[in-house]
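Accompanying notes for the structure given below.
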Amino acid sequence: MKDVTLVLQDGTTFQGKSFGYEKAVTGEVVFNTAMMGYPESLTDPSYAGQMMVLTYPLVGNYGVPPFTFEDNGLATFMESDRIYAQALIVSDYSEQYSHWNACESLSDWLKREQVPGVTGIDTRQLTKVLREHGVMMGRLVFEGQEKPDGQDDQETEDYGAINWVERVSCKDVIRYNEGAGRKVVLVDCGVKQNIIRCLINRGCEVIRVPWNYDYTGLEFDGLFLANGPGDPDRCVAAVDILKKQMTLSRKPICGICMGNQLLGKAAGATIYKLKYGHRSHNQPVREVGTNRCYVTSQNHGYAVDTATLGQDWRELFVNMNDGSNEGIRHQTNPWFSSQFHPEACSGPVDTEFMFDRFIEAL
């Protein structure tokens with residue numbers, strides 16, 4: 001294992017050992033407090049451009065499942081067709097793995113997909129730094145490599161300046177479950193495949209379109225806004241098309257994560273960046289106007305400022321930890337969203353009823 005140094009934007013350094021692909025990279029350093037689910041998280045397009053720090057101390061002990069695909073083109077055990085995270089940073093990597101469905105080690109998978117992995121770093125201290133300072137850019141420097149990707153020491157790609165949704169969205173229209181009774185247009189901002197699966201399992205034909213595709217002329221019963229990475233303020237085209245749809249029709253609209261933020265922008269709200277985001281399986285969320293609370297899976301760094309919502313909109317869910325928005329709804333039209341991930345995968349499935357609410361509105 002080669003020595004590797006994580007250098008944060010503020011100059012803080014952490015020393016570790018490489019267990020993945022040996023390539024110097026830069027990215028926004030974020031932490032995830034989930035206890036499991038690294039195959040799903042690594043393949044979640046919402047992690048594009050980010051180095052994922054796992055706070056759970058032991059990682060890799062159950063290996064990696066096979067990267068197989070179903071007849072409909074969806075990955076069987078992953079959330080996309082490849083790893084999207086820039087790098088994986090853990091405290092203790094388990095070289096030995098045991099699981100009935102494992103076919104290779106986490107190390108072998110990272111090397112095969114050319115993604116760095118770092119172990120031996122005090123992720124507790126690193127998480128404290130990120131919580132106190134806020135997420136920041138970082139870079140990995142390997143033993144014998146002075147400059148990552150030919151960059152000078154001061155050069156790091158600004159995460160917020162990039163339209164990551166454009167980088168991860170599909171380029172062509174893709175159809176699933178053709179011939180089903182109800183047609184749903186899914187705007188792909190970096191969609192997790194279990195979102196598509198949840199819609200298919202409820203008898204929908206899914207028409208997956210690129211993030212900036214004008215779907216207003218298509219025949220469909222409902223619109224679904226998917227999750228995705230980066231700053232929603234970069235997705236001007238998606239918001240403009242959404243506003244156009246909302247003036248043309250009252251057809252049901254549902255959004256998840258990035259979809260919540262895009263719907264919020266279309267409703268007149270502004271978006272702000274959270275200090276260190278929500279990335280875990282145990283975020284407590286309350287449905288506004290009730291005493292119902294749910295344990296949710298989340299992965300986002302931005303939030304809707306509900307004080308700036310249009311007068312016809314209301315907050316639907318609120319985060320019980322910091323009071324930030326977790327979903328919005330229109331008062332008369334069947335338009336609503338969640339900032340959390342009701343499809344989970346990985347995580348609790350307590351809120352999968354959000355898909356049922358959407359189907360009932362069709």
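Labels used: A, B, ... for chains in the order of the structure tokens, numbers from 1 for residues in each chain, and numbers from 1 for ligands as shown.
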(message) Taking 5 positions as the minimum chain separation for residues in the same chain, which residues sit within 9 Å of region 69-84 of chain A when counting only C-alpha atoms? Answer as a count of residues only.
(response) 26
Quick one: contact table of region 49-96 of chain A to region 24-34 of chain A, 8 Å max, nearest atom pair and distance in Å to one decimal per residue, counting only C-alpha atoms, chain and number order, as CSV?
residue,atom,partner,partner_atom,distance
A:Gly49,CA,A:Gly27,CA,5.3
A:Gln50,CA,A:Glu28,CA,4.5
A:Met51,CA,A:Val29,CA,4.8
A:Met52,CA,A:Val30,CA,5.5
A:Val53,CA,A:Phe31,CA,4.4
A:Leu54,CA,A:Asn32,CA,5.1
A:Thr55,CA,A:Thr33,CA,5.1
A:Tyr56,CA,A:Thr33,CA,6.4
A:Gln86,CA,A:Gly27,CA,6.4
A:Ala87,CA,A:Val25,CA,7.7
Pull N, CA, C and O atoms from the residues just selected and write them as a compact mmCIF listing (two decimals), in the first residue's frame.
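Final output, out.txt:
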# COMPACT_ATOMS: atom_id res chain seq x y z
N GLY A 49 -18.02 14.16 -8.52
CA GLY A 49 -17.20 15.30 -8.13
C GLY A 49 -16.85 15.38 -6.66
O GLY A 49 -16.23 16.35 -6.23
N GLN A 50 -17.23 14.35 -5.89
CA GLN A 50 -17.01 14.38 -4.45
C GLN A 50 -16.15 13.20 -3.97
O GLN A 50 -16.25 12.10 -4.51
N MET A 51 -15.33 13.46 -2.96
CA MET A 51 -14.62 12.40 -2.24
C MET A 51 -15.48 11.99 -1.06
O MET A 51 -15.82 12.84 -0.22
N MET A 52 -15.83 10.73 -0.99
CA MET A 52 -16.75 10.24 0.02
C MET A 52 -15.97 9.72 1.24
O MET A 52 -15.18 8.80 1.13
N VAL A 53 -16.21 10.35 2.38
CA VAL A 53 -15.62 9.91 3.65
C VAL A 53 -16.68 9.12 4.40
O VAL A 53 -17.76 9.63 4.70
N LEU A 54 -16.41 7.86 4.71
CA LEU A 54 -17.34 7.03 5.48
C LEU A 54 -16.93 7.06 6.95
O LEU A 54 -15.80 6.70 7.29
N THR A 55 -17.84 7.48 7.81
CA THR A 55 -17.51 7.59 9.23
C THR A 55 -17.56 6.25 9.94
O THR A 55 -16.95 6.10 11.00
N TYR A 56 -18.31 5.28 9.39
CA TYR A 56 -18.34 3.96 10.04
C TYR A 56 -16.94 3.36 9.98
O TYR A 56 -16.30 3.37 8.92
N GLN A 86 -15.45 10.51 -6.62
CA GLN A 86 -14.07 10.76 -7.02
C GLN A 86 -13.10 9.84 -6.28
O GLN A 86 -12.09 9.41 -6.84
N ALA A 87 -13.40 9.57 -5.01
CA ALA A 87 -12.52 8.73 -4.19
C ALA A 87 -13.30 8.27 -2.96
O ALA A 87 -14.33 8.86 -2.61
(request) Give the strand (DSSP E) residues of region 8-200 of chain A, as assigned by DSSP on the backbone, as a PyMOL selection string. (result) chain A and resi 8+13-18+26-32+50-54+58-59+87-89+92-93+117-119+136-142+174-176+182-188
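Contact shell of Leu225 (chain A) at 6 Å (only C-alpha atoms; same-chain neighbours under 5 positions omitted): Leu186, Val187, Gly255 and Gly259 of chain A.
By only C-alpha atoms, and with residues fewer than 2 positions from Gln283 (chain A) along its chain excluded, the set lying at most 9 Å from it is His278, Arg279, Ser280, His281, Val285, Tyr294, Val295, Thr296, Ser297, Gln298, Asn319, Met320, Asn321 and Phe340 of chain A.
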Output N, CA, C and O atoms of each residue in that selection to a file, as a PDB file, in the first residue's frame.
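This is the output file again.pdb:
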ATOM      1  N   HIS A 278     -26.447  16.707   4.274  1.00  0.00           N
ATOM      2  CA  HIS A 278     -27.063  15.531   4.908  1.00  0.00           C
ATOM      3  C   HIS A 278     -26.706  14.302   4.075  1.00  0.00           C
ATOM      4  O   HIS A 278     -27.152  14.172   2.926  1.00  0.00           O
ATOM      5  N   ARG A 279     -25.918  13.418   4.637  1.00  0.00           N
ATOM      6  CA  ARG A 279     -25.547  12.188   3.941  1.00  0.00           C
ATOM      7  C   ARG A 279     -25.521  11.064   4.971  1.00  0.00           C
ATOM      8  O   ARG A 279     -24.530  10.874   5.664  1.00  0.00           O
ATOM      9  N   SER A 280     -26.644  10.346   5.030  1.00  0.00           N
ATOM     10  CA  SER A 280     -26.772   9.300   6.048  1.00  0.00           C
ATOM     11  C   SER A 280     -28.032   8.503   5.801  1.00  0.00           C
ATOM     12  O   SER A 280     -28.790   8.773   4.865  1.00  0.00           O
ATOM     13  N   HIS A 281     -28.254   7.503   6.677  1.00  0.00           N
ATOM     14  CA  HIS A 281     -29.470   6.678   6.621  1.00  0.00           C
ATOM     15  C   HIS A 281     -30.434   6.987   7.757  1.00  0.00           C
ATOM     16  O   HIS A 281     -31.450   6.319   7.894  1.00  0.00           O
ATOM     17  N   VAL A 285     -37.193  13.140   9.916  1.00  0.00           N
ATOM     18  CA  VAL A 285     -37.991  14.096   9.161  1.00  0.00           C
ATOM     19  C   VAL A 285     -39.431  14.060   9.662  1.00  0.00           C
ATOM     20  O   VAL A 285     -39.994  12.984   9.877  1.00  0.00           O
ATOM     21  N   TYR A 294     -40.323  10.326  10.370  1.00  0.00           N
ATOM     22  CA  TYR A 294     -39.778   9.210   9.609  1.00  0.00           C
ATOM     23  C   TYR A 294     -38.253   9.227   9.663  1.00  0.00           C
ATOM     24  O   TYR A 294     -37.633  10.285   9.749  1.00  0.00           O
ATOM     25  N   VAL A 295     -37.670   8.047   9.592  1.00  0.00           N
ATOM     26  CA  VAL A 295     -36.223   7.907   9.465  1.00  0.00           C
ATOM     27  C   VAL A 295     -35.916   7.788   7.975  1.00  0.00           C
ATOM     28  O   VAL A 295     -36.469   6.922   7.296  1.00  0.00           O
ATOM     29  N   THR A 296     -35.052   8.662   7.476  1.00  0.00           N
ATOM     30  CA  THR A 296     -34.871   8.753   6.027  1.00  0.00           C
ATOM     31  C   THR A 296     -33.410   8.635   5.602  1.00  0.00           C
ATOM     32  O   THR A 296     -32.488   8.930   6.363  1.00  0.00           O
ATOM     33  N   SER A 297     -33.248   8.221   4.347  1.00  0.00           N
ATOM     34  CA  SER A 297     -31.947   8.174   3.691  1.00  0.00           C
ATOM     35  C   SER A 297     -31.755   9.471   2.903  1.00  0.00           C
ATOM     36  O   SER A 297     -32.664   9.885   2.177  1.00  0.00           O
ATOM     37  N   GLN A 298     -30.585  10.113   3.046  1.00  0.00           N
ATOM     38  CA  GLN A 298     -30.378  11.398   2.382  1.00  0.00           C
ATOM     39  C   GLN A 298     -28.970  11.520   1.811  1.00  0.00           C
ATOM     40  O   GLN A 298     -28.030  10.887   2.285  1.00  0.00           O
ATOM     41  N   ASN A 319     -36.661  18.886   8.456  1.00  0.00           N
ATOM     42  CA  ASN A 319     -35.632  18.098   9.118  1.00  0.00           C
ATOM     43  C   ASN A 319     -35.644  18.388  10.614  1.00  0.00           C
ATOM     44  O   ASN A 319     -35.599  19.550  11.034  1.00  0.00           O
ATOM     45  N   MET A 320     -35.698  17.342  11.428  1.00  0.00           N
ATOM     46  CA  MET A 320     -35.794  17.506  12.880  1.00  0.00           C
ATOM     47  C   MET A 320     -34.458  17.857  13.523  1.00  0.00           C
ATOM     48  O   MET A 320     -34.421  18.265  14.678  1.00  0.00           O
ATOM     49  N   ASN A 321     -33.365  17.708  12.803  1.00  0.00           N
ATOM     50  CA  ASN A 321     -32.057  18.043  13.364  1.00  0.00           C
ATOM     51  C   ASN A 321     -31.743  19.530  13.239  1.00  0.00           C
ATOM     52  O   ASN A 321     -31.331  20.176  14.202  1.00  0.00           O
ATOM     53  N   PHE A 340     -35.460  14.068   0.886  1.00  0.00           N
ATOM     54  CA  PHE A 340     -34.889  12.756   1.219  1.00  0.00           C
ATOM     55  C   PHE A 340     -35.168  11.765   0.086  1.00  0.00           C
ATOM     56  O   PHE A 340     -35.847  12.081  -0.889  1.00  0.00           O
TER      57      PHE A 340
END
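CA of Leu6 (chain A) is found 18.5 Å from CA of Val59 (chain A).
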(message) For a quick check of understanding, using only C-alpha atoms, which of A:Ile89, A:Met36, A:Asn101, A:Ser346 has the smallest distance to Phe67 (chain A)?
(response)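 Between A:Ile89, A:Met36, A:Asn101, A:Ser346, the residue approaching Phe67 (chain A) most closely is A:Asn101.
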(request) Go through A:Glu326, A:Glu205, A:Glu95, A:Asp233 one by one, measure the shortest atom-to-atom distance of each to Ala161 (chain A) using only C-alpha atoms, and give the residue with the smallest value. (result) A:Asp233
(request) Enumerate, as a ChimeraX atom specification, the complete set of residues in region 103-159 of chain A that a backbone-based DSSP assignment places in alpha helix (DSSP H). (result) /A:106-112,123-133
Give me a file of those residues, with C-alpha atoms, as a CSV table (one decimal), in the first residue's frame.
chain,number,residue,atom,x,y,z
A,106,LEU,CA,-14.0,-3.4,-2.6
A,107,SER,CA,-10.3,-2.9,-3.4
A,108,ASP,CA,-10.5,-4.9,-6.6
A,109,TRP,CA,-13.6,-3.0,-7.7
A,110,LEU,CA,-12.1,0.4,-7.0
A,111,LYS,CA,-8.9,-0.6,-9.0
A,112,ARG,CA,-11.0,-1.9,-11.9
A,123,THR,CA,-12.2,9.8,9.8
A,124,ARG,CA,-13.6,11.0,13.2
A,125,GLN,CA,-11.1,13.9,13.2
A,126,LEU,CA,-11.7,14.6,9.5
A,127,THR,CA,-15.5,14.7,10.1
A,128,LYS,CA,-15.0,17.2,13.0
A,129,VAL,CA,-12.9,19.4,10.7
A,130,LEU,CA,-15.7,19.3,8.0
A,131,ARG,CA,-18.4,19.9,10.5
A,132,GLU,CA,-16.7,22.9,12.0
A,133,HIS,CA,-15.4,24.5,8.8
(request) Quick one: pull the distance between CA of Gly327 (chain A) and CA of Trp313 (chain A), Å, one decimal. (result)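 Between these atoms lies a distance of 10.7 Å.
Comparing A:Lys183, A:Lys265, A:Lys17, A:Arg357 by their smallest distance to Thr306 (chain A), the closest is A:Lys265 (using only C-alpha atoms).
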(request) In Å, rounded to a single decimal, give me how far CA of Thr12 (chain A) is from CA of Val141 (chain A). (result)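 Answer for the CA of Val141 (chain A) to CA of Thr12 (chain A) separation: 13.1 Å.
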(request) Would you list the contacts of Gly203 (chain A) as a VMD selection string, taking every protein, DNA or RNA residue within 8 Å and counting only C-alpha atoms, but skipping same-chain residues closer than 5 positions in sequence? (result) chain A and resid 180 to 182
Let's have the selection written as a PDB file, in the first residue's frame, with all heavy atoms.
ATOM      1  N   ALA A 180     -47.175   0.016 -20.667  1.00  0.00           N
ATOM      2  CA  ALA A 180     -47.910   0.071 -19.396  1.00  0.00           C
ATOM      3  C   ALA A 180     -48.984   1.159 -19.470  1.00  0.00           C
ATOM      4  O   ALA A 180     -48.925   2.063 -20.303  1.00  0.00           O
ATOM      5  CB  ALA A 180     -46.956   0.338 -18.245  1.00  0.00           C
ATOM      6  N   GLY A 181     -49.946   1.077 -18.563  1.00  0.00           N
ATOM      7  CA  GLY A 181     -51.105   1.964 -18.641  1.00  0.00           C
ATOM      8  C   GLY A 181     -50.794   3.429 -18.431  1.00  0.00           C
ATOM      9  O   GLY A 181     -51.283   4.291 -19.166  1.00  0.00           O
ATOM     10  N   ARG A 182     -49.944   3.761 -17.450  1.00  0.00           N
ATOM     11  CA  ARG A 182     -49.683   5.159 -17.122  1.00  0.00           C
ATOM     12  C   ARG A 182     -48.254   5.538 -17.498  1.00  0.00           C
ATOM     13  O   ARG A 182     -47.312   4.815 -17.179  1.00  0.00           O
ATOM     14  CB  ARG A 182     -49.927   5.403 -15.636  1.00  0.00           C
ATOM     15  CG  ARG A 182     -51.391   5.286 -15.243  1.00  0.00           C
ATOM     16  CD  ARG A 182     -51.577   5.167 -13.748  1.00  0.00           C
ATOM     17  NE  ARG A 182     -51.094   3.888 -13.241  1.00  0.00           N
ATOM     18  CZ  ARG A 182     -51.331   3.441 -12.013  1.00  0.00           C
ATOM     19  NH1 ARG A 182     -52.043   4.186 -11.180  1.00  0.00           N
ATOM     20  NH2 ARG A 182     -50.865   2.279 -11.623  1.00  0.00           N
TER      21      ARG A 182
END
(request) Please provide as JSON, numbers by chain all residues within 10 Å of Asp3 (chain A), with the sequence filter that same-chain residues fewer than 3 positions apart are discarded (counting only C-alpha atoms). (result) {"A": [15, 16, 17, 18, 19, 118, 119, 120, 141, 142, 143, 144]}
File dump, residues just selected, C-alpha atoms, as a PDB file, in the first residue's frame:
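The result, written out as result.pdb:
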ATOM      1  CA  GLN A  15      -1.968  10.658   6.059  1.00  0.00           C
ATOM      2  CA  GLY A  16      -3.224   7.276   4.904  1.00  0.00           C
ATOM      3  CA  LYS A  17      -2.560   4.224   2.760  1.00  0.00           C
ATOM      4  CA  SER A  18      -3.903   3.448  -0.690  1.00  0.00           C
ATOM      5  CA  PHE A  19      -6.143   0.406  -1.223  1.00  0.00           C
ATOM      6  CA  VAL A 118      -7.623   5.564   1.150  1.00  0.00           C
ATOM      7  CA  THR A 119      -7.514   3.786   4.501  1.00  0.00           C
ATOM      8  CA  GLY A 120      -5.837   4.536   7.826  1.00  0.00           C
ATOM      9  CA  VAL A 141      -1.358  13.223  -3.383  1.00  0.00           C
ATOM     10  CA  PHE A 142       0.305   9.829  -3.701  1.00  0.00           C
ATOM     11  CA  GLU A 143       3.836   8.948  -2.716  1.00  0.00           C
ATOM     12  CA  GLY A 144       6.142  10.096  -5.521  1.00  0.00           C
TER      13      GLY A 144
END
